[in-house]
file work.tsv (TSV, C-alpha atoms)
chain	number	residue	atom	x	y	z
A	1	MET	CA	0.00	0.00	0.00
A	2	ALA	CA	2.93	2.34	0.71
A	3	ALA	CA	4.34	1.60	-2.75
A	4	ILE	CA	1.00	2.58	-4.32
A	5	GLN	CA	0.71	5.78	-2.29
A	6	ASN	CA	4.26	6.87	-3.11
A	7	ASN	CA	3.80	5.96	-6.79
A	8	LYS	CA	7.34	4.62	-7.03
A	9	GLY	CA	6.50	1.15	-8.28
A	10	GLY	CA	7.38	-2.24	-6.85
A	11	VAL	CA	7.19	-5.96	-7.53
A	12	PHE	CA	5.79	-8.25	-4.82
A	13	PHE	CA	5.03	-11.95	-4.53
A	14	VAL	CA	2.49	-13.37	-2.07
A	15	TYR	CA	3.65	-16.94	-1.45
A	16	GLY	CA	1.78	-19.60	0.47
A	17	TYR	CA	0.47	-23.12	0.13
A	18	GLY	CA	-3.20	-23.93	-0.46
A	19	GLY	CA	-5.57	-22.65	2.21
A	20	THR	CA	-3.42	-19.83	3.60
A	21	GLY	CA	-5.67	-17.10	2.20
A	22	LYS	CA	-3.78	-15.80	-0.84
A	23	THR	CA	-6.91	-15.09	-2.85
A	24	TYR	CA	-8.59	-13.48	0.16
A	25	LEU	CA	-5.60	-11.17	0.62
A	26	LEU	CA	-5.46	-10.25	-3.08
A	27	LYS	CA	-9.18	-9.44	-3.12
A	28	THR	CA	-8.76	-7.31	0.02
A	29	LEU	CA	-5.90	-5.38	-1.61
A	30	SER	CA	-8.05	-4.80	-4.67
A	31	VAL	CA	-10.95	-3.43	-2.64
A	32	ALA	CA	-8.68	-1.22	-0.51
A	33	VAL	CA	-7.12	0.43	-3.56
A	34	ARG	CA	-10.41	0.87	-5.40
A	35	CYS	CA	-11.91	2.56	-2.34
A	36	ASN	CA	-9.47	5.39	-3.04
A	37	ALA	CA	-10.85	5.79	-6.58
A	38	GLN	CA	-7.78	4.11	-8.09
A	39	ILE	CA	-7.69	1.52	-10.85
A	40	VAL	CA	-6.77	-2.11	-10.18
A	41	LEU	CA	-6.35	-4.73	-12.92
A	42	ASN	CA	-7.07	-8.26	-11.66
A	43	VAL	CA	-5.66	-11.03	-13.86
A	44	ALA	CA	-4.85	-14.71	-13.46
A	45	SER	CA	-2.91	-17.29	-15.42
A	46	SER	CA	-6.00	-19.41	-16.17
A	47	GLY	CA	-9.64	-18.69	-16.87
A	48	ILE	CA	-10.97	-20.64	-13.90
A	49	ALA	CA	-8.63	-18.81	-11.48
A	50	SER	CA	-9.62	-15.40	-12.87
A	51	LEU	CA	-13.24	-16.02	-11.82
A	52	LEU	CA	-12.18	-15.78	-8.16
A	53	LEU	CA	-11.09	-12.14	-8.58
A	54	THR	CA	-13.50	-9.23	-9.05
A	55	GLY	CA	-13.47	-8.28	-12.72
A	56	GLY	CA	-10.71	-10.80	-13.31
A	57	ARG	CA	-9.46	-11.75	-16.76
A	58	THR	CA	-6.76	-14.02	-18.08
A	59	THR	CA	-3.34	-12.43	-18.51
A	60	HIS	CA	-3.23	-13.29	-22.21
A	61	SER	CA	-6.59	-11.59	-22.74
A	62	ARG	CA	-5.89	-8.46	-20.69
A	63	PHE	CA	-2.30	-7.77	-21.85
A	64	ILE	CA	-2.52	-9.42	-25.29
A	65	ILE	CA	0.43	-11.68	-24.52
A	66	PRO	CA	1.43	-13.84	-27.53
A	67	LEU	CA	0.48	-17.52	-27.32
A	68	VAL	CA	3.85	-18.53	-28.75
A	69	LEU	CA	6.48	-16.94	-26.52
A	70	THR	CA	10.17	-16.35	-27.17
A	71	GLU	CA	12.99	-14.53	-25.40
A	72	VAL	CA	12.18	-11.32	-27.29
A	73	SER	CA	8.37	-11.42	-27.23
A	74	VAL	CA	6.35	-8.27	-26.50
A	75	CYS	CA	2.65	-7.69	-25.92
A	76	SER	CA	0.58	-6.46	-28.86
A	77	ILE	CA	-0.29	-3.11	-27.27
A	78	SER	CA	0.05	0.10	-29.26
A	79	PRO	CA	1.35	3.09	-27.25
A	80	ASP	CA	-1.58	5.18	-28.56
A	81	SER	CA	-4.30	2.61	-27.81
A	82	GLU	CA	-6.99	2.76	-25.12
A	83	LEU	CA	-5.39	-0.19	-23.34
A	84	ALA	CA	-2.10	1.72	-23.12
A	85	SER	CA	-3.98	4.67	-21.60
A	86	LEU	CA	-5.62	2.32	-19.09
A	87	LEU	CA	-2.26	0.87	-18.09
A	88	HIS	CA	-0.89	4.37	-17.57
A	89	LYS	CA	-3.74	5.20	-15.15
A	90	THR	CA	-3.57	1.84	-13.34
A	91	SER	CA	-2.29	1.95	-9.76
A	92	LEU	CA	-2.03	-1.79	-9.10
A	93	ILE	CA	-1.82	-4.99	-11.14
A	94	ILE	CA	-2.69	-8.25	-9.35
A	95	TRP	CA	-1.60	-11.48	-11.08
A	96	ASP	CA	-2.84	-14.66	-9.39
A	97	GLU	CA	-1.46	-18.18	-10.03
A	98	ALA	CA	1.67	-16.61	-11.50
A	99	PRO	CA	3.95	-19.70	-11.24
A	100	MET	CA	1.87	-21.47	-13.91
A	101	ILE	CA	3.08	-19.20	-16.71
A	102	HIS	CA	6.39	-19.32	-18.61
A	103	LYS	CA	8.90	-16.65	-17.62
A	104	HIS	CA	8.83	-15.21	-21.15
A	105	ALA	CA	5.28	-13.93	-20.45
A	106	PHE	CA	6.51	-11.79	-17.54
A	107	GLU	CA	9.45	-10.56	-19.57
A	108	ALA	CA	7.14	-9.65	-22.46
A	109	LEU	CA	4.90	-7.60	-20.15
A	110	ASP	CA	7.96	-5.96	-18.58
A	111	ARG	CA	9.29	-4.83	-21.98
A	112	THR	CA	5.86	-3.59	-23.07
A	113	LEU	CA	5.16	-1.54	-19.95
A	114	LYS	CA	8.62	0.03	-20.07
A	115	ASP	CA	8.08	1.01	-23.71
A	116	ILE	CA	4.60	2.46	-23.09
A	117	LEU	CA	5.24	4.28	-19.83
A	118	LYS	CA	8.59	5.86	-20.76
A	119	ARG	CA	6.63	8.30	-22.93
A	120	HIS	CA	5.22	9.84	-19.76
A	121	ASN	CA	8.44	9.60	-17.76
A	122	PRO	CA	11.81	8.50	-19.23
A	123	ARG	CA	12.79	7.15	-15.79
A	124	ASN	CA	10.21	4.36	-16.20
A	125	SER	CA	12.34	2.62	-18.83
A	126	ASN	CA	14.78	1.62	-16.08
A	127	LEU	CA	12.16	0.39	-13.58
A	128	PRO	CA	10.68	-3.13	-13.52
A	129	PHE	CA	7.32	-3.20	-15.30
A	130	GLY	CA	7.69	0.48	-16.13
A	131	GLY	CA	7.33	1.57	-12.50
A	132	LYS	CA	3.94	-0.05	-11.94
A	133	VAL	CA	3.11	-1.79	-8.68
A	134	ILE	CA	2.45	-5.44	-9.45
A	135	VAL	CA	1.57	-8.19	-6.97
A	136	PHE	CA	2.00	-11.83	-7.96
A	137	GLY	CA	0.32	-14.65	-6.07
A	138	GLY	CA	0.77	-18.40	-6.16
A	139	ASP	CA	2.43	-21.50	-4.82
A	140	PHE	CA	5.46	-23.18	-6.40
A	141	ARG	CA	4.31	-26.50	-4.91
A	142	GLN	CA	1.43	-26.48	-7.34
A	143	ILE	CA	1.47	-26.40	-11.13
A	144	LEU	CA	4.66	-25.12	-12.79
A	145	PRO	CA	5.02	-24.16	-16.47
A	146	VAL	CA	4.56	-27.16	-18.74
A	147	ILE	CA	7.53	-27.67	-21.07
A	148	PRO	CA	6.67	-30.37	-23.65
A	149	GLY	CA	9.43	-32.96	-23.62
A	150	GLY	CA	11.47	-30.85	-21.21
A	151	SER	CA	13.57	-32.01	-18.29
A	152	ARG	CA	13.32	-30.92	-14.68
A	153	GLN	CA	15.98	-28.29	-15.35
A	154	ASP	CA	13.96	-26.92	-18.27
A	155	THR	CA	10.90	-26.52	-16.05
A	156	VAL	CA	12.85	-24.75	-13.32
A	157	ASN	CA	14.50	-22.48	-15.88
A	158	ALA	CA	11.07	-21.50	-17.28
A	159	SER	CA	9.55	-20.60	-13.91
A	160	LEU	CA	8.98	-17.13	-12.47
A	161	SER	CA	11.85	-17.52	-9.99
A	162	SER	CA	14.37	-17.80	-12.84
A	163	PRO	CA	14.28	-14.48	-14.77
A	164	TYR	CA	16.03	-11.25	-13.84
A	165	LEU	CA	12.74	-9.84	-12.51
A	166	TRP	CA	12.78	-12.21	-9.51
A	167	GLN	CA	15.82	-10.43	-8.08
A	168	GLN	CA	13.75	-7.26	-7.73
A	169	CYS	CA	10.72	-9.04	-6.26
A	170	LYS	CA	9.87	-8.75	-2.55
A	171	VAL	CA	8.44	-12.05	-1.27
A	172	HIS	CA	5.79	-12.12	1.47
A	173	GLN	CA	4.89	-15.56	2.79
A	174	LEU	CA	1.64	-16.81	4.32
A	175	THR	CA	2.10	-19.75	6.69
A	176	LYS	CA	-1.18	-20.36	8.55
A	177	ASN	CA	-3.81	-22.59	6.98
A	178	THR	CA	-6.93	-20.50	7.52
A	179	ARG	CA	-9.17	-22.61	5.31
A	180	LEU	CA	-9.08	-25.56	7.70
A	181	THR	CA	-9.68	-23.44	10.81
A	182	VAL	CA	-12.85	-21.73	9.56
A	183	GLY	CA	-15.82	-23.08	11.51
A	184	SER	CA	-13.75	-25.67	13.36
A	185	ASP	CA	-14.20	-26.39	17.09
A	186	THR	CA	-11.58	-24.96	19.43
A	187	SER	CA	-11.06	-28.42	20.90
A	188	ALA	CA	-9.91	-29.69	17.49
A	189	ILE	CA	-7.37	-26.93	16.82
A	190	GLN	CA	-4.35	-29.17	17.43
A	191	GLN	CA	-5.78	-31.93	15.27
A	192	THR	CA	-6.43	-29.39	12.52
A	193	MET	CA	-2.88	-28.06	12.78
A	194	ASP	CA	-1.48	-31.59	12.53
A	195	PHE	CA	-3.59	-32.24	9.45
A	196	ALA	CA	-2.40	-28.97	7.86
A	197	LYS	CA	1.22	-29.93	8.53
A	198	TRP	CA	0.63	-33.35	6.98
A	199	LEU	CA	-0.73	-31.70	3.82
A	200	LEU	CA	2.28	-29.39	3.72
A	201	ASP	CA	4.72	-32.28	4.10
A	202	ILE	CA	3.09	-34.01	1.14
A	203	GLY	CA	3.44	-30.87	-0.97
A	204	GLU	CA	7.10	-30.52	-0.04
A	205	GLY	CA	7.85	-34.18	-0.76
A	206	LYS	CA	8.82	-35.05	2.80
A	207	LEU	CA	6.45	-38.04	2.98
A	208	GLY	CA	6.79	-41.27	1.05
A	209	GLY	CA	9.11	-44.20	1.19
A	210	SER	CA	9.53	-47.75	-0.01
A	211	ASN	CA	5.97	-47.90	-1.32
A	212	ASP	CA	6.80	-45.49	-4.16
A	213	GLY	CA	6.23	-47.14	-7.52
A	214	GLU	CA	3.56	-49.40	-8.97
A	215	ALA	CA	0.84	-50.94	-6.84
A	216	VAL	CA	-2.40	-52.83	-7.33
A	217	ILE	CA	-5.40	-51.30	-5.56
A	218	ASP	CA	-8.67	-53.16	-5.09
A	219	ILE	CA	-11.58	-50.73	-5.44
A	220	PRO	CA	-14.49	-51.62	-3.09
A	221	GLN	CA	-17.57	-52.78	-4.92
A	222	ASP	CA	-19.78	-50.07	-3.43
A	223	LEU	CA	-17.54	-47.35	-4.93
A	224	LEU	CA	-17.91	-48.64	-8.46
A	225	ILE	CA	-20.46	-46.96	-10.73
A	226	ASN	CA	-23.87	-48.49	-10.09
A	227	ASP	CA	-27.49	-47.73	-10.81
A	228	LEU	CA	-27.63	-45.04	-8.13
A	229	CYS	CA	-25.06	-42.76	-9.76
A	230	ASP	CA	-25.69	-43.75	-13.37
A	231	PRO	CA	-27.22	-40.83	-15.33
A	232	ILE	CA	-30.79	-41.32	-16.49
A	233	GLY	CA	-32.08	-41.54	-20.05
A	234	ASP	CA	-30.75	-42.95	-23.27
A	235	LYS	CA	-27.27	-42.40	-24.58
A	236	VAL	CA	-26.76	-39.81	-27.31
A	237	GLU	CA	-23.71	-39.95	-29.57
A	238	TYR	CA	-22.18	-36.83	-31.08
A	239	LEU	CA	-19.61	-37.29	-33.85
A	240	SER	CA	-17.18	-34.58	-34.83
A	241	SER	CA	-16.38	-33.26	-38.30
A	242	ASP	CA	-12.63	-33.45	-38.91
A	243	LYS	CA	-10.73	-31.93	-41.82
A	244	LEU	CA	-7.27	-30.72	-42.68
A	245	CYS	CA	-6.59	-26.99	-42.55
A	246	GLN	CA	-7.03	-25.45	-46.00
A	247	LEU	CA	-3.49	-24.10	-46.33
A	248	GLU	CA	-1.77	-27.22	-44.99
A	249	PHE	CA	-1.03	-28.79	-48.40
A	250	LEU	CA	-1.36	-25.77	-50.64
A	251	HIS	CA	2.08	-26.27	-52.23
A	252	ASP	CA	2.78	-29.90	-51.32
A	253	GLN	CA	1.61	-33.22	-52.65
A	254	PHE	CA	-1.51	-34.45	-50.87
A	255	ASP	CA	-2.01	-38.12	-50.03
A	256	ALA	CA	-5.74	-38.66	-49.46
A	257	ASN	CA	-5.24	-42.11	-47.92
A	258	LEU	CA	-2.59	-40.90	-45.46
A	259	TYR	CA	-4.82	-38.11	-44.14
A	260	SER	CA	-8.26	-39.63	-44.69
A	261	PRO	CA	-11.18	-38.75	-42.37
A	262	ASP	CA	-10.79	-42.11	-40.62
A	263	VAL	CA	-7.21	-41.21	-39.68
A	264	LEU	CA	-8.23	-37.79	-38.37
A	265	ASN	CA	-11.16	-39.25	-36.44
A	266	GLY	CA	-8.84	-41.61	-34.59
A	267	LEU	CA	-6.59	-38.84	-33.26
A	268	LYS	CA	-6.84	-38.02	-29.55
A	269	VAL	CA	-5.18	-34.69	-28.84
A	270	SER	CA	-4.74	-32.93	-25.54
A	271	GLY	CA	-7.19	-30.06	-25.11
A	272	LEU	CA	-9.50	-31.28	-27.87
A	273	PRO	CA	-12.74	-33.26	-27.43
A	274	ASN	CA	-12.78	-36.78	-28.80
A	275	TYR	CA	-14.24	-37.66	-32.17
A	276	LYS	CA	-17.13	-39.44	-30.44
A	277	LEU	CA	-18.91	-37.99	-27.41
A	278	VAL	CA	-21.38	-40.29	-25.64
A	279	LEU	CA	-23.61	-38.34	-23.23
A	280	LYS	CA	-26.69	-38.79	-21.09
A	281	VAL	CA	-28.93	-36.37	-19.27
A	282	GLY	CA	-27.45	-35.75	-15.82
A	283	VAL	CA	-23.84	-36.55	-16.70
A	284	PRO	CA	-21.17	-34.10	-15.41
A	285	VAL	CA	-18.99	-32.55	-18.10
A	286	MET	CA	-16.09	-30.11	-18.19
A	287	LEU	CA	-15.45	-27.29	-20.63
A	288	LEU	CA	-12.21	-27.45	-22.61
A	289	ARG	CA	-12.22	-23.86	-23.89
A	290	ASN	CA	-12.80	-20.31	-22.64
A	291	ILE	CA	-16.18	-19.45	-24.14
A	292	ASP	CA	-17.73	-16.68	-22.02
A	293	GLN	CA	-15.57	-15.75	-19.06
A	294	LYS	CA	-17.98	-13.09	-17.80
A	295	ASN	CA	-20.66	-15.74	-17.28
A	296	GLY	CA	-18.26	-18.33	-15.89
A	297	LEU	CA	-17.83	-20.44	-19.03
A	298	CYS	CA	-14.08	-21.05	-18.88
A	299	ASN	CA	-11.73	-23.92	-19.45
A	300	ASP	CA	-12.13	-26.24	-16.42
A	301	THR	CA	-15.70	-25.13	-15.62
A	302	ARG	CA	-17.87	-28.11	-14.68
A	303	LEU	CA	-21.48	-28.44	-15.79
A	304	GLN	CA	-24.28	-30.98	-15.61
A	305	VAL	CA	-26.24	-31.88	-18.73
A	306	ILE	CA	-29.94	-30.97	-18.64
A	307	SER	CA	-31.01	-31.81	-22.18
A	308	LEU	CA	-29.36	-33.06	-25.36
A	309	GLY	CA	-30.40	-31.48	-28.66
A	310	LYS	CA	-29.20	-32.08	-32.17
A	311	ARG	CA	-27.22	-28.86	-32.40
A	312	VAL	CA	-26.91	-27.61	-28.81
A	313	ILE	CA	-26.48	-29.07	-25.33
A	314	GLU	CA	-28.27	-27.44	-22.40
A	315	ALA	CA	-26.39	-27.60	-19.11
A	316	VAL	CA	-26.24	-26.03	-15.65
A	317	ILE	CA	-23.02	-24.75	-14.09
A	318	ILE	CA	-21.99	-26.70	-10.98
A	319	SER	CA	-18.63	-25.05	-10.16
A	320	GLY	CA	-17.22	-21.57	-9.68
A	321	SER	CA	-19.11	-18.40	-8.79
A	322	ASN	CA	-21.94	-18.95	-11.30
A	323	ILE	CA	-23.37	-22.16	-9.82
A	324	GLY	CA	-26.96	-22.73	-10.91
A	325	ASN	CA	-26.82	-20.69	-14.12
A	326	GLN	CA	-28.12	-22.50	-17.18
A	327	THR	CA	-26.39	-22.21	-20.52
A	328	PHE	CA	-26.30	-23.67	-24.02
A	329	ILE	CA	-23.15	-25.22	-25.49
A	330	GLN	CA	-22.76	-25.41	-29.24
A	331	ARG	CA	-20.18	-26.97	-31.49
A	332	MET	CA	-16.93	-25.12	-32.10
A	333	SER	CA	-14.21	-25.48	-34.71
A	334	LEU	CA	-11.04	-26.27	-32.74
A	335	THR	CA	-7.43	-26.64	-33.84
A	336	PRO	CA	-4.84	-28.33	-31.58
A	337	SER	CA	-2.02	-26.10	-30.40
A	338	GLU	CA	0.55	-28.81	-29.70
A	339	LYS	CA	3.17	-29.56	-32.34
A	340	LYS	CA	3.34	-33.35	-32.05
A	341	ASN	CA	1.49	-33.83	-35.33
A	342	SER	CA	3.25	-33.03	-38.58
A	343	PHE	CA	0.09	-31.42	-39.94
A	344	LYS	CA	-2.72	-29.16	-38.76
A	345	PHE	CA	-6.32	-30.27	-38.71
A	346	GLN	CA	-9.61	-28.84	-37.52
A	347	ARG	CA	-12.21	-30.61	-35.40
A	348	ARG	CA	-15.79	-29.34	-35.10
A	349	GLN	CA	-17.25	-30.73	-31.90
A	350	PHE	CA	-18.77	-29.72	-28.57
A	351	PRO	CA	-15.84	-28.39	-26.44
A	352	ILE	CA	-16.55	-30.66	-23.47
A	353	ALA	CA	-15.37	-33.89	-21.88
A	354	ILE	CA	-16.98	-36.13	-19.28
A	355	CYS	CA	-15.41	-35.34	-15.90
A	356	PHE	CA	-16.09	-38.40	-13.77
A	357	ALA	CA	-12.29	-38.61	-13.63
A	358	MET	CA	-9.92	-35.68	-14.05
A	359	THR	CA	-6.25	-34.86	-13.78
A	360	ILE	CA	-4.78	-33.05	-10.79
A	361	ASN	CA	-4.37	-29.95	-12.96
A	362	LYS	CA	-8.11	-29.82	-13.54
A	363	SER	CA	-9.23	-30.61	-9.99
A	364	GLN	CA	-7.61	-27.74	-8.08
call {"tool": "encode", "arguments": {"input": "work.tsv", "output": "structure tokens"}}
result
Amino acid sequence: MAAIQNNKGGVFFVYGYGGTGKTYLLKTLSVAVRCNAQIVLNVASSGIASLLLTGGRTTHSRFIIPLVLTEVSVCSISPDSELASLLHKTSLIIWDEAPMIHKHAFEALDRTLKDILKRHNPRNSNLPFGGKVIVFGGDFRQILPVIPGGSRQDTVNASLSSPYLWQQCKVHQLTKNTRLTVGSDTSAIQQTMDFAKWLLDIGEGKLGGSNDGEAVIDIPQDLLINDLCDPIGDKVEYLSSDKLCQLEFLHDQFDANLYSPDVLNGLKVSGLPNYKLVLKVGVPVMLLRNIDQKNGLCNDTRLQVISLGKRVIEAVIISGSNIGNQTFIQRMSLTPSEKKNSFKFQRRQFPIAICFAMTINKSQ
């Protein structure tokens, strides 16, 4: 708050494991600054995390950060644009879940803000992020930047703690698990503290031993899917329409058998729905794309199917801050972003997947 009042800039990092109140603190900072008629930009590294902040948006959307980042990337913000004017008037930038993003994203924003804000004061070109006060939040025990095919060293080198900006960052750490203590009985405080320490030891890798490795687990019969949890109604199959991108073989020889529809239909790509979706009324599904962030329709949002039409699927939101809102999901034309395939193709399908089971990344 002193850095904002003095208008001298500063880079801060609020560090703490899950349940210590990082989001609560960031929201409190936002309200405190806005009460003084100052502008705060709330952003997060993912769509689902941005919903927790008032007026939150993804960092790529707010700052127009390139999807493909390099060491010399910059944000696509013109110095004479309205967004540049907004950044000049902004008193505080809050960036939640910062450790998830590659370090090149922070460096790109740093270069852009220096370039934009030096027009108002040449001294800003020598200050981190152009002299703006920016507060990062997150936990390095959670999800780090994903480097396809990279080693552990590559992941560490791509994290926020690696670039030159980290040396100018003031770290504030939260240590008390407030989430577990809310509403708990005073007689169970010690038990709660022991449980919080156990969770922390797991996150820091202090627990585990000779049982690491493969194991066979017998699932109790009553936990298997039965008639009680089986969605009602008949199954409905939705098949996608797959095709190669138009410019893929504009100047090359095209082998119709090698890239036939059957071949494209059999591809399962991360972030894309499968060729065949089998749904029932009542089944829980998860969005795979950011559709309408304002109304809570982001990647990772969970919904429950209400009705299945030929061209749209009606569902109700069951996660986030828009629980209970009904919406319609339609087919979208999606192109995979990963570079494992030697060609680009387009899949037109509903951007959802059944979420009976999910990865740790999706369950946070």
call {"tool": "closest_atom_pairs", "arguments": {"input": "work.tsv", "of": "region 141-175 of chain A", "to": "region 192-208 of chain A", "cutoff": "12 Å", "atoms": "only C-alpha atoms", "output": "JSON lines"}}
result
{"residue": "A:Arg141", "atom": "CA", "partner": "A:Gly203", "partner_atom": "CA", "distance": 5.9}
{"residue": "A:Gln142", "atom": "CA", "partner": "A:Gly203", "partner_atom": "CA", "distance": 8.0}
{"residue": "A:Ile143", "atom": "CA", "partner": "A:Gly203", "partner_atom": "CA", "distance": 11.3}
{"residue": "A:Thr175", "atom": "CA", "partner": "A:Leu200", "partner_atom": "CA", "distance": 10.1}
call {"tool": "atom_distance", "arguments": {"input": "work.tsv", "atom1": "CA of Arg152 (chain A)", "atom2": "CA of Pro99 (chain A)"}}
result
15.0 Å
call {"tool": "axis_aligned_box", "arguments": {"input": "work.tsv", "around": "region 144-152 of chain A", "padding_each_side": "3 Å", "output": "lines of an AutoDock Vina configuration file"}}
result
center_x = 9.1
center_y = -28.6
center_z = -18.2
size_x = 15.0
size_y = 14.8
size_z = 16.9
call {"tool": "residues_around", "arguments": {"input": "work.tsv", "residues": "Lys243 (chain A)", "least_positions_apart": "2", "cutoff": "8 Å", "atoms": "all atoms listed in the file", "output": "list of chain:residue names"}}
result
A:Ser241, A:Cys245, A:Pro261, A:Leu264, A:Phe345, A:Gln346, A:Arg347
call {"tool": "write_last_selection", "arguments": {"input": "work.tsv", "atoms": "C-alpha atoms", "output": "PDB file, keeping the file's coordinate frame"}}
result
ATOM      1  CA  SER A 241     -16.380 -33.260 -38.300  1.00  0.00           C
ATOM      2  CA  CYS A 245      -6.590 -26.990 -42.550  1.00  0.00           C
ATOM      3  CA  PRO A 261     -11.180 -38.750 -42.370  1.00  0.00           C
ATOM      4  CA  LEU A 264      -8.230 -37.790 -38.370  1.00  0.00           C
ATOM      5  CA  PHE A 345      -6.320 -30.270 -38.710  1.00  0.00           C
ATOM      6  CA  GLN A 346      -9.610 -28.840 -37.520  1.00  0.00           C
ATOM      7  CA  ARG A 347     -12.210 -30.610 -35.400  1.00  0.00           C
TER       8      ARG A 347
END
call {"tool": "atom_distance", "arguments": {"input": "work.tsv", "atom1": "CA of Gly296 (chain A)", "atom2": "CA of Leu51 (chain A)"}}
result
6.9 Å
call {"tool": "residues_around", "arguments": {"input": "work.tsv", "residues": "region 117-127 of chain A", "least_positions_apart": "2", "cutoff": "10 Å", "atoms": "all atoms listed in the file", "output": "CSV table (one decimal) with C-alpha atoms, in the frame of the given file"}}
result
chain,number,residue,atom,x,y,z
A,8,LYS,CA,7.3,4.6,-7.0
A,9,GLY,CA,6.5,1.2,-8.3
A,10,GLY,CA,7.4,-2.2,-6.8
A,79,PRO,CA,1.4,3.1,-27.2
A,84,ALA,CA,-2.1,1.7,-23.1
A,85,SER,CA,-4.0,4.7,-21.6
A,87,LEU,CA,-2.3,0.9,-18.1
A,88,HIS,CA,-0.9,4.4,-17.6
A,110,ASP,CA,8.0,-6.0,-18.6
A,111,ARG,CA,9.3,-4.8,-22.0
A,112,THR,CA,5.9,-3.6,-23.1
A,113,LEU,CA,5.2,-1.5,-20.0
A,114,LYS,CA,8.6,0.0,-20.1
A,115,ASP,CA,8.1,1.0,-23.7
A,129,PHE,CA,7.3,-3.2,-15.3
A,130,GLY,CA,7.7,0.5,-16.1
A,131,GLY,CA,7.3,1.6,-12.5
A,132,LYS,CA,3.9,0.0,-11.9
A,168,GLN,CA,13.8,-7.3,-7.7
call {"tool": "closest_residue", "arguments": {"input": "work.tsv", "among": "A:Asn6, A:Gln38, A:Asn295, A:Gln191", "to": "Gly324 (chain A)", "atoms": "all atoms listed in the file"}}
result
A:Asn295
call {"tool": "closest_residue", "arguments": {"input": "work.tsv", "among": "A:Lys235, A:Lys89, A:His102, A:Lys280", "to": "Val156 (chain A)", "atoms": "only C-alpha atoms"}}
result
A:His102
call {"tool": "closest_residue", "arguments": {"input": "work.tsv", "among": "A:Val133, A:Ile329, A:Ile318, A:Ile116", "to": "Ser81 (chain A)", "atoms": "all atoms listed in the file"}}
result
A:Ile116
call {"tool": "closest_residue", "arguments": {"input": "work.tsv", "among": "A:Phe343, A:Phe350, A:Tyr24, A:Phe328", "to": "Glu314 (chain A)", "atoms": "only C-alpha atoms"}}
result
A:Phe328
call {"tool": "closest_residue", "arguments": {"input": "work.tsv", "among": "A:Gly271, A:Gly320, A:Gly19, A:Pro220", "to": "Asp139 (chain A)", "atoms": "only C-alpha atoms"}}
result
A:Gly19
call {"tool": "closest_residue", "arguments": {"input": "work.tsv", "among": "A:Phe63, A:Phe356, A:Phe12, A:Tyr259", "to": "Ser78 (chain A)", "atoms": "all atoms listed in the file"}}
result
A:Phe63
call {"tool": "atom_distance", "arguments": {"input": "work.tsv", "atom1": "CA of His60 (chain A)", "atom2": "CA of Leu303 (chain A)"}}
result
24.6 Å
call {"tool": "residues_near_point", "arguments": {"input": "work.tsv", "point": "(2.2, -20.5, -12.3)", "cutoff": "9 Å", "atoms": "only C-alpha atoms", "output": "VMD selection string"}}
result
chain A and resid 45 96 to 102 137 to 140 142 to 145 159 to 160
call {"tool": "residues_near_point", "arguments": {"input": "work.tsv", "point": "(12.9, -13.4, -29.6)", "cutoff": "12 Å", "atoms": "only C-alpha atoms", "output": "list in words"}}
result
Pro66, Val68, Leu69, Thr70, Glu71, Val72, Ser73, Val74, His104, Ala105, Glu107 and Ala108 of chain A
call {"tool": "residues_around", "arguments": {"input": "work.tsv", "residues": "Val236 (chain A)", "least_positions_apart": "4", "cutoff": "10 Å", "atoms": "only C-alpha atoms", "output": "PDB file with C-alpha atoms, in the frame of the given file"}}
result
ATOM      1  CA  LEU A 277     -18.910 -37.990 -27.410  1.00  0.00           C
ATOM      2  CA  VAL A 278     -21.380 -40.290 -25.640  1.00  0.00           C
ATOM      3  CA  LEU A 279     -23.610 -38.340 -23.230  1.00  0.00           C
ATOM      4  CA  LYS A 280     -26.690 -38.790 -21.090  1.00  0.00           C
ATOM      5  CA  VAL A 281     -28.930 -36.370 -19.270  1.00  0.00           C
ATOM      6  CA  LEU A 308     -29.360 -33.060 -25.360  1.00  0.00           C
ATOM      7  CA  GLY A 309     -30.400 -31.480 -28.660  1.00  0.00           C
ATOM      8  CA  LYS A 310     -29.200 -32.080 -32.170  1.00  0.00           C
TER       9      LYS A 310
END
